[in-house]
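Enquirer: Sharing a structure here in structure tokens format.
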Amino acid sequence: MPMPSPCRVALVTCLELPEVDDDQAPLLAALHNAGLSAQVLAWETAAPADADLWILRSPWNYHLHHTQFLSWLDSVAAAGQLCNPASIVRWNSDKAYLVELAEQGLPVAPTVLLPQGSAPDVHALVTARGWTRWVLKPSISLGSFMTERFTLDQVLQAQEFADTALAGRAMLLQPYLSAVEDYGERSLVCIGGQVCHAVRKSPRFSGGHEAVTPVAIADDERALAERVLQTVAKLPCAPPIPLLYARVDTVRGEDGKPLLMELELVEPSLFLLAHPASLQRLVQEVALRAQRWSGRPVR
Ligand SMILES: Nc1ncnc2c1ncn2[C@@H]1O[C@H](COP(=O)(O)OP(=O)(O)O)[C@@H](O)[C@H]1O
Ligand SMILES: [Mg+2]
């Protein structure tokens with residue numbers, strides 16, 4: 001009998017990366033060291049037959065091609081295994097999920113969803129909520145694309161920005177959470193359902209860069225991340241096994257309690273270079289899925 005062929009793992013990127021994916025080289029090397037067949041493929045040119053297990057890593061242009069990206073996910077998921085699975089990625093690729101999670105009782109950064117084509121009165125919306133500083137950002141977005149902050153004396157600019165942006169996409173309106181400046185946004189990286197490590201990210205708006213520092217995980221942030229993962233696991237679109245990866249981005253609100261700013265289940269940077277234990281854990285989880293998927297030897 002011929003030997004079965006090995007499970008082929010693809011790390012999914014895009015043709016033109018807007019910035020370097022620091023996770024890519026260490027992850028690829030660690031997968032190879034673990035005896036896995038792995039390569040980096042761009043979603044725009046990869047065909048379903050090119051791999052068996054697809055790990056979304058840096059398709060960092062999907063917000064510009066959302067419909068095509070979701071169709072591509074469905075096509076590879078139909079022929080192979082996609083991590084994270086297409087149904088949860090579809091749900092998570094639009095930050096409207098924040099409103100849904102808030103409705104389920106999770107502490108979420110206050111979020112008003114402004115539908116595409118709507119004509120909201122920004123001044124009325126922010127004053128009704130007592131917000132003197134706020135952020136406007138696309139509902140489908142990444143890398144701080146079209147993400148701008150405003151103060152009350154910039155209300156005309158904010159209205160103009162909202163009107164222009166809303167012609168082409170749905171937007172979110174949130175109060176500016178000033179804790180991003182000092183304590184910082186804290187990203188909790190979760191692998192295989194476990195909270196593994198955390199980083200502090202510097203504030204980042206359109207065109208800016210992000211500085212990242214490793215930090216200890218505060219108890220209340222860990223509790224929030226675990227609660228978010230538990231809530232997500234109960235969604236109808238959630239897979240039956242823990243998500244391969246998740247990143248729970250938190251910011252402290254005015255009362256000092258952590259709020260969910262973003263839950264990243266599509267293509268989060270996982271900051272693996274500074275966290276070798278997390279890298280090894282990710283490789284183990286990938287190997288497990290490769291074995292389960294194919295029932296074939298991992299080589
Ligand atoms: N409500 C907010 N208050 C303060 N800073 C914000 C707020 N929303 C976004 N930002 C800044 O913009 C960045 C990008 O926004 P985010 O919601 O994380 O979307 P994405 O990372 O997908 O672009 C955040 O990391 C943070 O620095
Ligand atoms: Mg973010």
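As shown in the structure tokens, the chain order sets the letters A, B, ...; within each chain, residues go from 1, and ligands are also counted from 1 in the order they appear.
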Could you make a table, as JSON lines, of the residues of stretch 125-212 of chain A that have an atom within 6 Å of an atom of stretch 114-118 of chain A, each with its nearest atom pair and distance in Å to one decimal, counting only C-alpha atoms, in chain and number order?
Expert:
{"residue": "A:Leu166", "atom": "CA", "partner": "A:Gln116", "partner_atom": "CA", "distance": 4.9}
{"residue": "A:Ala167", "atom": "CA", "partner": "A:Gly117", "partner_atom": "CA", "distance": 5.1}
{"residue": "A:Arg169", "atom": "CA", "partner": "A:Gln116", "partner_atom": "CA", "distance": 4.7}
{"residue": "A:Ala170", "atom": "CA", "partner": "A:Gln116", "partner_atom": "CA", "distance": 4.0}
{"residue": "A:Met171", "atom": "CA", "partner": "A:Leu114", "partner_atom": "CA", "distance": 5.1}
{"residue": "A:Leu172", "atom": "CA", "partner": "A:Leu114", "partner_atom": "CA", "distance": 5.8}
Enquirer: Go ahead and write the selection's residues with C-alpha atoms as a PDB file, in the first residue's frame.
Expert:
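Ended up saving to again-v6.pdb:
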ATOM      1  CA  LEU A 166     -19.971  56.216   5.606  1.00  0.00           C
ATOM      2  CA  ALA A 167     -20.476  56.553   1.859  1.00  0.00           C
ATOM      3  CA  ARG A 169     -18.489  51.486   4.671  1.00  0.00           C
ATOM      4  CA  ALA A 170     -20.104  51.034   8.070  1.00  0.00           C
ATOM      5  CA  MET A 171     -18.295  52.852  10.875  1.00  0.00           C
ATOM      6  CA  LEU A 172     -18.031  52.576  14.652  1.00  0.00           C
TER       7      LEU A 172
END
Enquirer: When DSSP is applied to the backbone of this structure, which of stretch 55-293 of chain A are assigned helix (DSSP H, G or I)? Write them out as JSON, numbers by chain.
Expert: {"A": [62, 63, 64, 66, 67, 68, 69, 70, 71, 72, 73, 74, 75, 76, 77, 78, 79, 86, 87, 88, 89, 90, 91, 92, 97, 98, 99, 100, 101, 102, 103, 122, 123, 124, 125, 126, 127, 128, 129, 152, 153, 154, 155, 156, 157, 158, 159, 160, 161, 162, 163, 164, 165, 166, 167, 168, 178, 179, 180, 219, 220, 221, 222, 223, 224, 225, 226, 227, 228, 229, 230, 231, 232, 233, 276, 277, 278, 279, 280, 281, 282, 283, 284, 285, 286, 287, 288, 289, 290, 291, 292, 293]}
Enquirer: Would you mind exporting the chosen residues as a PDB file, in the first residue's frame, restricted to C-alpha atoms?
Expert:
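Okay, this is what ended up in part_33.pdb:
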ATOM      1  CA  TYR A  62      -8.861  41.507   3.742  1.00  0.00           C
ATOM      2  CA  HIS A  63     -10.690  44.630   4.950  1.00  0.00           C
ATOM      3  CA  LEU A  64     -10.259  46.041   1.430  1.00  0.00           C
ATOM      4  CA  HIS A  66     -13.966  41.552   2.370  1.00  0.00           C
ATOM      5  CA  THR A  67     -16.428  39.723   0.104  1.00  0.00           C
ATOM      6  CA  GLN A  68     -13.702  38.068  -1.973  1.00  0.00           C
ATOM      7  CA  PHE A  69     -11.800  37.082   1.166  1.00  0.00           C
ATOM      8  CA  LEU A  70     -14.861  35.441   2.728  1.00  0.00           C
ATOM      9  CA  SER A  71     -15.546  33.520  -0.510  1.00  0.00           C
ATOM     10  CA  TRP A  72     -11.936  32.380  -0.587  1.00  0.00           C
ATOM     11  CA  LEU A  73     -12.216  31.195   3.032  1.00  0.00           C
ATOM     12  CA  ASP A  74     -15.301  29.172   2.129  1.00  0.00           C
ATOM     13  CA  SER A  75     -13.506  27.598  -0.824  1.00  0.00           C
ATOM     14  CA  VAL A  76     -10.497  26.437   1.201  1.00  0.00           C
ATOM     15  CA  ALA A  77     -12.672  25.376   4.139  1.00  0.00           C
ATOM     16  CA  ALA A  78     -14.728  23.185   1.778  1.00  0.00           C
ATOM     17  CA  ALA A  79     -11.632  21.277   0.662  1.00  0.00           C
ATOM     18  CA  ALA A  86     -14.658  30.138   8.379  1.00  0.00           C
ATOM     19  CA  SER A  87     -17.905  30.623  10.311  1.00  0.00           C
ATOM     20  CA  ILE A  88     -16.254  32.276  13.326  1.00  0.00           C
ATOM     21  CA  VAL A  89     -13.859  34.255  11.118  1.00  0.00           C
ATOM     22  CA  ARG A  90     -16.816  35.601   9.136  1.00  0.00           C
ATOM     23  CA  TRP A  91     -18.503  36.691  12.390  1.00  0.00           C
ATOM     24  CA  ASN A  92     -15.303  38.205  13.777  1.00  0.00           C
ATOM     25  CA  TYR A  97     -19.623  41.718  17.008  1.00  0.00           C
ATOM     26  CA  LEU A  98     -18.705  44.200  19.766  1.00  0.00           C
ATOM     27  CA  VAL A  99     -22.333  45.337  19.971  1.00  0.00           C
ATOM     28  CA  GLU A 100     -23.477  41.710  20.104  1.00  0.00           C
ATOM     29  CA  LEU A 101     -21.041  40.849  22.913  1.00  0.00           C
ATOM     30  CA  ALA A 102     -22.099  43.968  24.859  1.00  0.00           C
ATOM     31  CA  GLU A 103     -25.733  42.847  24.533  1.00  0.00           C
ATOM     32  CA  VAL A 122     -21.969  63.212  15.192  1.00  0.00           C
ATOM     33  CA  HIS A 123     -22.315  66.172  17.563  1.00  0.00           C
ATOM     34  CA  ALA A 124     -25.743  64.955  18.728  1.00  0.00           C
ATOM     35  CA  LEU A 125     -24.473  61.397  19.225  1.00  0.00           C
ATOM     36  CA  VAL A 126     -21.440  62.339  21.309  1.00  0.00           C
ATOM     37  CA  THR A 127     -23.107  65.038  23.423  1.00  0.00           C
ATOM     38  CA  ALA A 128     -26.032  62.712  24.203  1.00  0.00           C
ATOM     39  CA  ARG A 129     -23.461  60.323  25.683  1.00  0.00           C
ATOM     40  CA  LEU A 152     -15.372  68.534  20.684  1.00  0.00           C
ATOM     41  CA  ASP A 153     -13.624  71.435  18.992  1.00  0.00           C
ATOM     42  CA  GLN A 154     -13.071  69.210  15.947  1.00  0.00           C
ATOM     43  CA  VAL A 155     -16.722  68.296  15.523  1.00  0.00           C
ATOM     44  CA  LEU A 156     -16.908  69.700  11.979  1.00  0.00           C
ATOM     45  CA  GLN A 157     -13.915  67.633  10.871  1.00  0.00           C
ATOM     46  CA  ALA A 158     -15.424  64.589  12.578  1.00  0.00           C
ATOM     47  CA  GLN A 159     -18.745  65.099  10.772  1.00  0.00           C
ATOM     48  CA  GLU A 160     -16.982  65.466   7.442  1.00  0.00           C
ATOM     49  CA  PHE A 161     -14.841  62.391   8.104  1.00  0.00           C
ATOM     50  CA  ALA A 162     -17.911  60.366   9.089  1.00  0.00           C
ATOM     51  CA  ASP A 163     -19.934  61.486   6.046  1.00  0.00           C
ATOM     52  CA  THR A 164     -17.127  60.622   3.623  1.00  0.00           C
ATOM     53  CA  ALA A 165     -16.326  57.306   5.293  1.00  0.00           C
ATOM     54  CA  LEU A 166     -19.971  56.216   5.606  1.00  0.00           C
ATOM     55  CA  ALA A 167     -20.476  56.553   1.859  1.00  0.00           C
ATOM     56  CA  GLY A 168     -18.269  53.511   1.448  1.00  0.00           C
ATOM     57  CA  SER A 178      -7.493  57.660  27.305  1.00  0.00           C
ATOM     58  CA  ALA A 179      -5.962  54.711  29.166  1.00  0.00           C
ATOM     59  CA  VAL A 180      -4.411  53.721  25.815  1.00  0.00           C
ATOM     60  CA  ASP A 219      -6.013  39.072  37.126  1.00  0.00           C
ATOM     61  CA  ASP A 220      -9.002  41.141  35.963  1.00  0.00           C
ATOM     62  CA  GLU A 221      -7.730  41.145  32.374  1.00  0.00           C
ATOM     63  CA  ARG A 222      -7.249  37.374  32.444  1.00  0.00           C
ATOM     64  CA  ALA A 223     -10.773  36.992  33.859  1.00  0.00           C
ATOM     65  CA  LEU A 224     -12.162  39.160  31.051  1.00  0.00           C
ATOM     66  CA  ALA A 225     -10.283  37.210  28.370  1.00  0.00           C
ATOM     67  CA  GLU A 226     -11.559  33.902  29.769  1.00  0.00           C
ATOM     68  CA  ARG A 227     -15.102  35.251  29.902  1.00  0.00           C
ATOM     69  CA  VAL A 228     -14.875  36.451  26.313  1.00  0.00           C
ATOM     70  CA  LEU A 229     -13.597  33.044  25.141  1.00  0.00           C
ATOM     71  CA  GLN A 230     -16.363  31.241  27.061  1.00  0.00           C
ATOM     72  CA  THR A 231     -19.015  33.513  25.560  1.00  0.00           C
ATOM     73  CA  VAL A 232     -17.665  33.059  22.056  1.00  0.00           C
ATOM     74  CA  ALA A 233     -17.500  29.269  22.471  1.00  0.00           C
ATOM     75  CA  PRO A 276       8.972  30.960  22.983  1.00  0.00           C
ATOM     76  CA  ALA A 277       6.619  28.940  25.221  1.00  0.00           C
ATOM     77  CA  SER A 278       3.613  30.317  23.323  1.00  0.00           C
ATOM     78  CA  LEU A 279       5.297  29.545  20.015  1.00  0.00           C
ATOM     79  CA  GLN A 280       5.804  25.926  21.085  1.00  0.00           C
ATOM     80  CA  ARG A 281       2.227  25.712  22.271  1.00  0.00           C
ATOM     81  CA  LEU A 282       0.968  27.003  18.940  1.00  0.00           C
ATOM     82  CA  VAL A 283       3.083  24.457  17.068  1.00  0.00           C
ATOM     83  CA  GLN A 284       1.697  21.637  19.263  1.00  0.00           C
ATOM     84  CA  GLU A 285      -1.864  22.788  18.586  1.00  0.00           C
ATOM     85  CA  VAL A 286      -1.196  22.970  14.840  1.00  0.00           C
ATOM     86  CA  ALA A 287       0.328  19.474  14.908  1.00  0.00           C
ATOM     87  CA  LEU A 288      -2.722  18.157  16.763  1.00  0.00           C
ATOM     88  CA  ARG A 289      -5.064  19.621  14.163  1.00  0.00           C
ATOM     89  CA  ALA A 290      -2.908  18.287  11.328  1.00  0.00           C
ATOM     90  CA  GLN A 291      -3.136  14.792  12.796  1.00  0.00           C
ATOM     91  CA  ARG A 292      -6.841  14.988  13.532  1.00  0.00           C
ATOM     92  CA  TRP A 293      -7.651  16.365  10.133  1.00  0.00           C
TER      93      TRP A 293
END
Enquirer: Hey, what's within 9 Å of A:Ala246 if we count only C-alpha atoms and toss same-chain stuff fewer than 6 positions away? As a VMD selection string, please?
Expert: chain A and resid 84 188 to 193 195 229 263 to 268 270
Enquirer: Between atom CA of A:Pro59 and atom CA of A:Pro18, what distance in Å does the model show, to one decimal?
Expert: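 Atom-to-atom, atom CA of A:Pro59 to atom CA of A:Pro18, that is 9.8 Å.
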Enquirer: Using only C-alpha atoms, which protein or nucleic acid residues come within 8 Å of A:Val215? Drop anything in the same chain fewer than 2 positions from it, and give the result as a PyMOL selection string.
Expert: chain A and resi 197-200+213+217
Enquirer: Restricting it to C-alpha atoms, dump the selection as an mmCIF file, in the first residue's frame.
Expert:
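The result, stored in selection_17.cif:
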data_model
loop_
_atom_site.group_PDB
_atom_site.id
_atom_site.type_symbol
_atom_site.label_atom_id
_atom_site.label_comp_id
_atom_site.auth_asym_id
_atom_site.auth_seq_id
_atom_site.Cartn_x
_atom_site.Cartn_y
_atom_site.Cartn_z
ATOM 1 C CA HIS A 197 0.932 35.877 27.443
ATOM 2 C CA ALA A 198 0.246 39.593 27.148
ATOM 3 C CA VAL A 199 1.739 42.686 25.568
ATOM 4 C CA ARG A 200 1.129 46.391 25.913
ATOM 5 C CA THR A 213 6.220 45.567 25.118
ATOM 6 C CA ILE A 217 -1.248 39.561 32.842
#
Enquirer: Kindly provide the residues of chain A that approach ligand 2 to within 8 Å, each paired with its closest atom pair and their distance in Å to one decimal, based on only C-alpha atoms and all ligand atoms, listed by chain and increasing number, as CSV.
Expert:
residue,atom,partner,partner_atom_place_in_ligand_line,distance
A:Leu142,CA,ligand 2,1 (Mg),6.7
A:Gly143,CA,ligand 2,1 (Mg),6.6
A:Ser144,CA,ligand 2,1 (Mg),6.9
A:Asp249,CA,ligand 2,1 (Mg),6.8
A:Met261,CA,ligand 2,1 (Mg),7.5
A:Glu262,CA,ligand 2,1 (Mg),5.9
A:Glu264,CA,ligand 2,1 (Mg),7.7
Enquirer: Could you dump the residues just selected with C-alpha atoms as an mmCIF file, in the first residue's frame?
Expert:
data_model
loop_
_atom_site.group_PDB
_atom_site.id
_atom_site.type_symbol
_atom_site.label_atom_id
_atom_site.label_comp_id
_atom_site.auth_asym_id
_atom_site.auth_seq_id
_atom_site.Cartn_x
_atom_site.Cartn_y
_atom_site.Cartn_z
ATOM 1 C CA LEU A 142 -7.394 46.261 10.694
ATOM 2 C CA GLY A 143 -4.078 47.965 11.348
ATOM 3 C CA SER A 144 -5.813 51.231 12.395
ATOM 4 C CA ASP A 249 -7.433 43.405 23.375
ATOM 5 C CA MET A 261 -11.651 46.802 22.714
ATOM 6 C CA GLU A 262 -11.198 44.108 20.096
ATOM 7 C CA GLU A 264 -9.126 39.182 17.110
#
Enquirer: Residues within 9 Å of ligand 1 should be enumerated using only C-alpha atoms and all ligand atoms and returned as a VMD selection string.
Expert: chain A and resid 95 109 to 111 133 to 149 172 to 181 184 to 185 201 to 206 210 249 251 261 to 264 268
Enquirer: Convert the current residue selection to file output with C-alpha atoms, as a PDB file, in the first residue's frame.
Expert:
ATOM      1  CA  LYS A  95     -16.498  44.664  14.571  1.00  0.00           C
ATOM      2  CA  ALA A 109     -15.824  49.621  24.926  1.00  0.00           C
ATOM      3  CA  PRO A 110     -19.047  51.607  24.346  1.00  0.00           C
ATOM      4  CA  THR A 111     -19.763  51.278  20.640  1.00  0.00           C
ATOM      5  CA  ARG A 133     -13.325  62.866  22.828  1.00  0.00           C
ATOM      6  CA  TRP A 134     -14.184  60.020  20.522  1.00  0.00           C
ATOM      7  CA  VAL A 135     -12.897  57.657  17.853  1.00  0.00           C
ATOM      8  CA  LEU A 136     -14.363  56.908  14.438  1.00  0.00           C
ATOM      9  CA  LYS A 137     -13.177  53.720  12.735  1.00  0.00           C
ATOM     10  CA  PRO A 138     -14.483  51.285  10.136  1.00  0.00           C
ATOM     11  CA  SER A 139     -16.508  48.313  11.266  1.00  0.00           C
ATOM     12  CA  ILE A 140     -14.440  46.097   8.947  1.00  0.00           C
ATOM     13  CA  SER A 141     -10.862  47.135   9.504  1.00  0.00           C
ATOM     14  CA  LEU A 142      -7.394  46.261  10.694  1.00  0.00           C
ATOM     15  CA  GLY A 143      -4.078  47.965  11.348  1.00  0.00           C
ATOM     16  CA  SER A 144      -5.813  51.231  12.395  1.00  0.00           C
ATOM     17  CA  PHE A 145      -7.058  51.778   8.836  1.00  0.00           C
ATOM     18  CA  MET A 146      -9.174  54.995   8.708  1.00  0.00           C
ATOM     19  CA  THR A 147      -9.103  55.177  12.504  1.00  0.00           C
ATOM     20  CA  GLU A 148      -9.259  58.775  13.746  1.00  0.00           C
ATOM     21  CA  ARG A 149      -9.763  60.465  17.097  1.00  0.00           C
ATOM     22  CA  LEU A 172     -18.031  52.576  14.652  1.00  0.00           C
ATOM     23  CA  LEU A 173     -18.183  55.490  17.060  1.00  0.00           C
ATOM     24  CA  GLN A 174     -16.581  55.004  20.482  1.00  0.00           C
ATOM     25  CA  PRO A 175     -15.508  57.287  23.313  1.00  0.00           C
ATOM     26  CA  TYR A 176     -11.764  57.886  23.284  1.00  0.00           C
ATOM     27  CA  LEU A 177     -10.444  55.640  26.050  1.00  0.00           C
ATOM     28  CA  SER A 178      -7.493  57.660  27.305  1.00  0.00           C
ATOM     29  CA  ALA A 179      -5.962  54.711  29.166  1.00  0.00           C
ATOM     30  CA  VAL A 180      -4.411  53.721  25.815  1.00  0.00           C
ATOM     31  CA  GLU A 181      -1.848  56.465  26.478  1.00  0.00           C
ATOM     32  CA  GLY A 184      -1.944  51.117  27.517  1.00  0.00           C
ATOM     33  CA  GLU A 185      -4.012  48.718  25.481  1.00  0.00           C
ATOM     34  CA  LYS A 201       0.512  48.168  22.645  1.00  0.00           C
ATOM     35  CA  SER A 202       1.112  51.871  22.119  1.00  0.00           C
ATOM     36  CA  PRO A 203      -1.836  53.911  20.757  1.00  0.00           C
ATOM     37  CA  ARG A 204      -2.083  53.767  17.001  1.00  0.00           C
ATOM     38  CA  PHE A 205      -4.225  55.790  14.616  1.00  0.00           C
ATOM     39  CA  SER A 206      -4.311  56.011  10.792  1.00  0.00           C
ATOM     40  CA  GLU A 210       2.603  50.298  17.024  1.00  0.00           C
ATOM     41  CA  ASP A 249      -7.433  43.405  23.375  1.00  0.00           C
ATOM     42  CA  VAL A 251      -8.408  48.906  27.593  1.00  0.00           C
ATOM     43  CA  MET A 261     -11.651  46.802  22.714  1.00  0.00           C
ATOM     44  CA  GLU A 262     -11.198  44.108  20.096  1.00  0.00           C
ATOM     45  CA  LEU A 263     -11.412  40.337  19.883  1.00  0.00           C
ATOM     46  CA  GLU A 264      -9.126  39.182  17.110  1.00  0.00           C
ATOM     47  CA  PRO A 268      -3.895  38.607  15.034  1.00  0.00           C
TER      48      PRO A 268
END
Enquirer: Stretch 6-125 of chain A: which residues are strand (DSSP E) by DSSP, as a VMD selection string?
Expert: chain A and resid 8 to 13 37 to 42 53 to 58 81 to 83 112 to 114
Enquirer: Applying 12 Å and only C-alpha atoms, which residues near A:Ala46 remain after dropping the ones on its own chain fewer than 4 positions away? List them as number ranges by chain.
Expert: A: 10-15, 39-42, 50-52, 54, 59, 69, 72-73, 75-76
Enquirer: Using the selection just defined, write its residues with N, CA and C atoms as a PDB file, in the first residue's frame.
Expert:
ATOM      1  N   ALA A  10      -0.481  25.490   5.444  1.00  0.00           N
ATOM      2  CA  ALA A  10      -0.229  26.796   4.812  1.00  0.00           C
ATOM      3  C   ALA A  10      -0.386  27.894   5.851  1.00  0.00           C
ATOM      4  N   LEU A  11       0.606  28.776   5.915  1.00  0.00           N
ATOM      5  CA  LEU A  11       0.471  30.002   6.694  1.00  0.00           C
ATOM      6  C   LEU A  11      -0.016  31.061   5.717  1.00  0.00           C
ATOM      7  N   VAL A  12      -1.223  31.558   5.946  1.00  0.00           N
ATOM      8  CA  VAL A  12      -1.857  32.433   4.956  1.00  0.00           C
ATOM      9  C   VAL A  12      -1.450  33.883   5.183  1.00  0.00           C
ATOM     10  N   THR A  13      -0.909  34.487   4.107  1.00  0.00           N
ATOM     11  CA  THR A  13      -0.557  35.903   4.127  1.00  0.00           C
ATOM     12  C   THR A  13      -1.260  36.569   2.944  1.00  0.00           C
ATOM     13  N   CYS A  14      -0.768  37.742   2.522  1.00  0.00           N
ATOM     14  CA  CYS A  14      -1.320  38.397   1.336  1.00  0.00           C
ATOM     15  C   CYS A  14      -0.148  38.806   0.438  1.00  0.00           C
ATOM     16  N   LEU A  15      -0.428  39.161  -0.810  1.00  0.00           N
ATOM     17  CA  LEU A  15       0.649  39.424  -1.773  1.00  0.00           C
ATOM     18  C   LEU A  15       1.515  40.601  -1.357  1.00  0.00           C
ATOM     19  N   GLN A  39       4.268  25.898   4.444  1.00  0.00           N
ATOM     20  CA  GLN A  39       4.744  26.969   3.557  1.00  0.00           C
ATOM     21  C   GLN A  39       3.846  28.191   3.718  1.00  0.00           C
ATOM     22  N   VAL A  40       4.365  29.331   3.291  1.00  0.00           N
ATOM     23  CA  VAL A  40       3.614  30.590   3.348  1.00  0.00           C
ATOM     24  C   VAL A  40       2.929  30.788   1.999  1.00  0.00           C
ATOM     25  N   LEU A  41       1.608  31.031   2.013  1.00  0.00           N
ATOM     26  CA  LEU A  41       0.864  31.246   0.773  1.00  0.00           C
ATOM     27  C   LEU A  41       0.024  32.510   0.885  1.00  0.00           C
ATOM     28  N   ALA A  42      -0.051  33.260  -0.206  1.00  0.00           N
ATOM     29  CA  ALA A  42      -0.891  34.465  -0.229  1.00  0.00           C
ATOM     30  C   ALA A  42      -2.314  34.071  -0.622  1.00  0.00           C
ATOM     31  N   ASP A  50      -3.868  23.575  -2.787  1.00  0.00           N
ATOM     32  CA  ASP A  50      -2.462  23.842  -2.455  1.00  0.00           C
ATOM     33  C   ASP A  50      -2.061  23.419  -1.040  1.00  0.00           C
ATOM     34  N   ALA A  51      -3.033  23.214  -0.144  1.00  0.00           N
ATOM     35  CA  ALA A  51      -2.698  22.818   1.235  1.00  0.00           C
ATOM     36  C   ALA A  51      -3.877  22.078   1.848  1.00  0.00           C
ATOM     37  N   ASP A  52      -3.634  21.461   3.012  1.00  0.00           N
ATOM     38  CA  ASP A  52      -4.696  20.724   3.712  1.00  0.00           C
ATOM     39  C   ASP A  52      -5.179  21.485   4.943  1.00  0.00           C
ATOM     40  N   TRP A  54      -5.058  25.216   6.706  1.00  0.00           N
ATOM     41  CA  TRP A  54      -4.793  26.631   6.400  1.00  0.00           C
ATOM     42  C   TRP A  54      -4.840  27.430   7.693  1.00  0.00           C
ATOM     43  N   PRO A  59      -3.175  37.903   6.354  1.00  0.00           N
ATOM     44  CA  PRO A  59      -3.902  38.388   5.166  1.00  0.00           C
ATOM     45  C   PRO A  59      -4.352  39.824   5.429  1.00  0.00           C
ATOM     46  N   PHE A  69     -12.527  37.827   0.140  1.00  0.00           N
ATOM     47  CA  PHE A  69     -11.800  37.082   1.166  1.00  0.00           C
ATOM     48  C   PHE A  69     -12.717  36.024   1.797  1.00  0.00           C
ATOM     49  N   TRP A  72     -13.150  33.197  -0.536  1.00  0.00           N
ATOM     50  CA  TRP A  72     -11.936  32.380  -0.587  1.00  0.00           C
ATOM     51  C   TRP A  72     -11.859  31.460   0.650  1.00  0.00           C
ATOM     52  N   LEU A  73     -12.215  32.014   1.805  1.00  0.00           N
ATOM     53  CA  LEU A  73     -12.216  31.195   3.032  1.00  0.00           C
ATOM     54  C   LEU A  73     -13.147  30.000   2.861  1.00  0.00           C
ATOM     55  N   SER A  75     -14.017  28.571   0.152  1.00  0.00           N
ATOM     56  CA  SER A  75     -13.506  27.598  -0.824  1.00  0.00           C
ATOM     57  C   SER A  75     -12.418  26.720  -0.213  1.00  0.00           C
ATOM     58  N   VAL A  76     -11.536  27.299   0.608  1.00  0.00           N
ATOM     59  CA  VAL A  76     -10.497  26.437   1.201  1.00  0.00           C
ATOM     60  C   VAL A  76     -11.086  25.586   2.327  1.00  0.00           C
TER      61      VAL A  76
END
Enquirer: Atom CA of A:Ile55 and atom CA of A:Cys83, how far apart in Å?
Expert: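 Answer for the atom CA of A:Cys83 to atom CA of A:Ile55 separation: 4.9 Å.
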Enquirer: What does the distance between atom CA of A:Asp23 and atom CA of A:Leu260 come to in Å, to one decimal place?
Expert: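 If I compute the distance from atom CA of A:Asp23 to atom CA of A:Leu260, I get 23.6 Å.
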Enquirer: Hey, which of A:Phe150, A:Asn33, A:Pro120, A:Ala38 ends up closest to A:Thr132? Count only C-alpha atoms.
Expert: A:Phe150
Enquirer: A:His65, A:Val108, A:Ala49, A:Lys234: which is nearest A:Gly80, counting only C-alpha atoms?
Expert: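 When distances to A:Gly80 are compared using only C-alpha atoms, the smallest one comes from A:Ala49.
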